[in-house]
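Novice: After the C-alpha cells below, expect a handful of questions from me.
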Amino acid sequence: MEVSNQYVDEAAKGILDSRAKKRFINAVTKVGRPTEYCEKLCTDFLAHRAIGKTIEQSLLEVGISDTTYYRWLQEKPEFRGVAKKGKYLAKAFWDEMAEDNVDNRSFNFLLFESQYKRRHNCSESAPVDCPGFSEENSDVVNIQAIFKSIANKQVSPDDAAKLMSLIKTKQEVTVMQEILPRLDQLEHQVKNN
C-alpha cells in the first residue's frame, strides 16, 4: 500500500510529540527496496536500546522493519552480536533506573517492575531457594527451615511470606480433600431422606 506524502503530513499534524511523529512517519511510509545492512543502522539501533527502548521502538526509530530485523538475525552473525549487545544495554538502563530511584518515594515501583519484567521476559514469580525447605518435609519442619533461613539472611521476608503462603495453601487443599467426600456423603443422605 503506497501512502502519499500529503496524507502522511496531514495525519502527522495532530501528533504533537516529535518522537511520536517520527515513529508514525517511519511506520507508514514504505521504502521501495529493503533496507541495506550498514554499520550506521546498527549504531543507531544500539543508541536507542541504550536508553531503554524495546526492540520494536528502536526499529521504528531507526526505520528498519521487523522482517528485515529478523532476516538480519538469521543471515548476519555480526548483527546477532549487535542484537545481543542491545539487549544488555537496555537491561542495564533499566537496572540503573531502579538503582537511581531506590529512595525516591514518588517513583512508581509497581509500574517499573511490571515494565521491567515485560521488557526482559522475566517470570512474574521466581522460585524461592530456602535451605531445608522441601515438599517432602512436614509443615513444622518447613516452617522451622523458613525461620532459620530468615535469621541467617538466606531468605528475604517477602520470599518467606511466599513460602508460608504455599504451606497454608497446601493445608487448605489437604483439608478440602478430606471435607469434599464427607460433604458428598451428607448431600447424598439429604437427597435420600
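Following the order of the C-alpha cells, chains are lettered A, B, ..., residues in each are numbered from 1, and ligands are numbered from 1.
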If we count only C-alpha atoms and set the cut-off at 12 Å, which residues sit around stretch 166-179 of chain A, ignoring sequence neighbours fewer than 5 positions away in its own chain? Please answer as a ChimeraX atom specification.

Specialist: /A:127-128,133-143,146,159-161,184-186

Novice: Restricted to C-alpha atoms, what would the selected residues look like written as an mmCIF file, in the first residue's frame?

Specialist:
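Produced file part26.cif, reproduced below:
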```
data_model
loop_
_atom_site.group_PDB
_atom_site.id
_atom_site.type_symbol
_atom_site.label_atom_id
_atom_site.label_comp_id
_atom_site.auth_asym_id
_atom_site.auth_seq_id
_atom_site.Cartn_x
_atom_site.Cartn_y
_atom_site.Cartn_z
ATOM 1 C CA PRO A 127 11.354 -19.728 42.600
ATOM 2 C CA VAL A 128 12.469 -19.201 46.194
ATOM 3 C CA PHE A 133 12.528 -26.428 52.691
ATOM 4 C CA SER A 134 11.121 -29.381 50.765
ATOM 5 C CA GLU A 135 7.721 -30.672 49.687
ATOM 6 C CA GLU A 136 8.506 -33.977 51.392
ATOM 7 C CA ASN A 137 9.027 -32.327 54.802
ATOM 8 C CA SER A 138 6.263 -31.826 57.295
ATOM 9 C CA ASP A 139 4.840 -28.317 57.632
ATOM 10 C CA VAL A 140 6.544 -27.899 61.028
ATOM 11 C CA VAL A 141 9.977 -28.778 59.569
ATOM 12 C CA ASN A 142 9.435 -26.397 56.631
ATOM 13 C CA ILE A 143 8.364 -23.544 58.914
ATOM 14 C CA ILE A 146 11.999 -20.752 56.802
ATOM 15 C CA ASP A 159 10.182 -14.756 49.996
ATOM 16 C CA ALA A 160 9.462 -16.256 53.427
ATOM 17 C CA ALA A 161 5.885 -14.960 53.153
ATOM 18 C CA ASP A 184 -20.824 -35.663 49.176
ATOM 19 C CA GLN A 185 -21.960 -38.227 51.742
ATOM 20 C CA LEU A 186 -24.075 -35.647 53.570
#
```

Novice: Which of these residues is nearest to A:Glu56, using only C-alpha atoms: A:Pro181, A:Arg119, A:Asp100, A:Asn108?

Specialist: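 Of A:Pro181, A:Arg119, A:Asp100, A:Asn108, the one nearest A:Glu56 is A:Arg119, counting only C-alpha atoms.
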
Novice: Could you state the separation of atom CA of A:Val62 and atom CA of A:Pro77 in Å, given to one decimal place?

Specialist: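 If I compute the distance from atom CA of A:Val62 to atom CA of A:Pro77, I get 20.0 Å.
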
Novice: Output as a PyMOL selection string all residues of stretch 21-147 of chain A that backbone DSSP marks as alpha helix (DSSP H).

Specialist: chain A and resi 21-28+39-50+55-62+66-75+77-100+109-119+139-147

Novice: Restricting the calculation to only C-alpha atoms: of A:Gln57, A:Thr67, A:Gln115, A:Ser106, which residue gets closest to A:Thr35?

Specialist: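 Nearest candidate to A:Thr35 out of A:Gln57, A:Thr67, A:Gln115, A:Ser106: A:Thr67.
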
Novice: Could you check which of A:Cys42, A:Leu163, A:Leu60, A:Ile51 is closest to A:Leu73, using only C-alpha atoms?

Specialist: A:Cys42

Novice: Interatomic distance between atom CA of A:Leu46 and atom CA of A:Gln74?

Specialist: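 Between atom CA of A:Leu46 and atom CA of A:Gln74 the gap works out to 18.2 Å.
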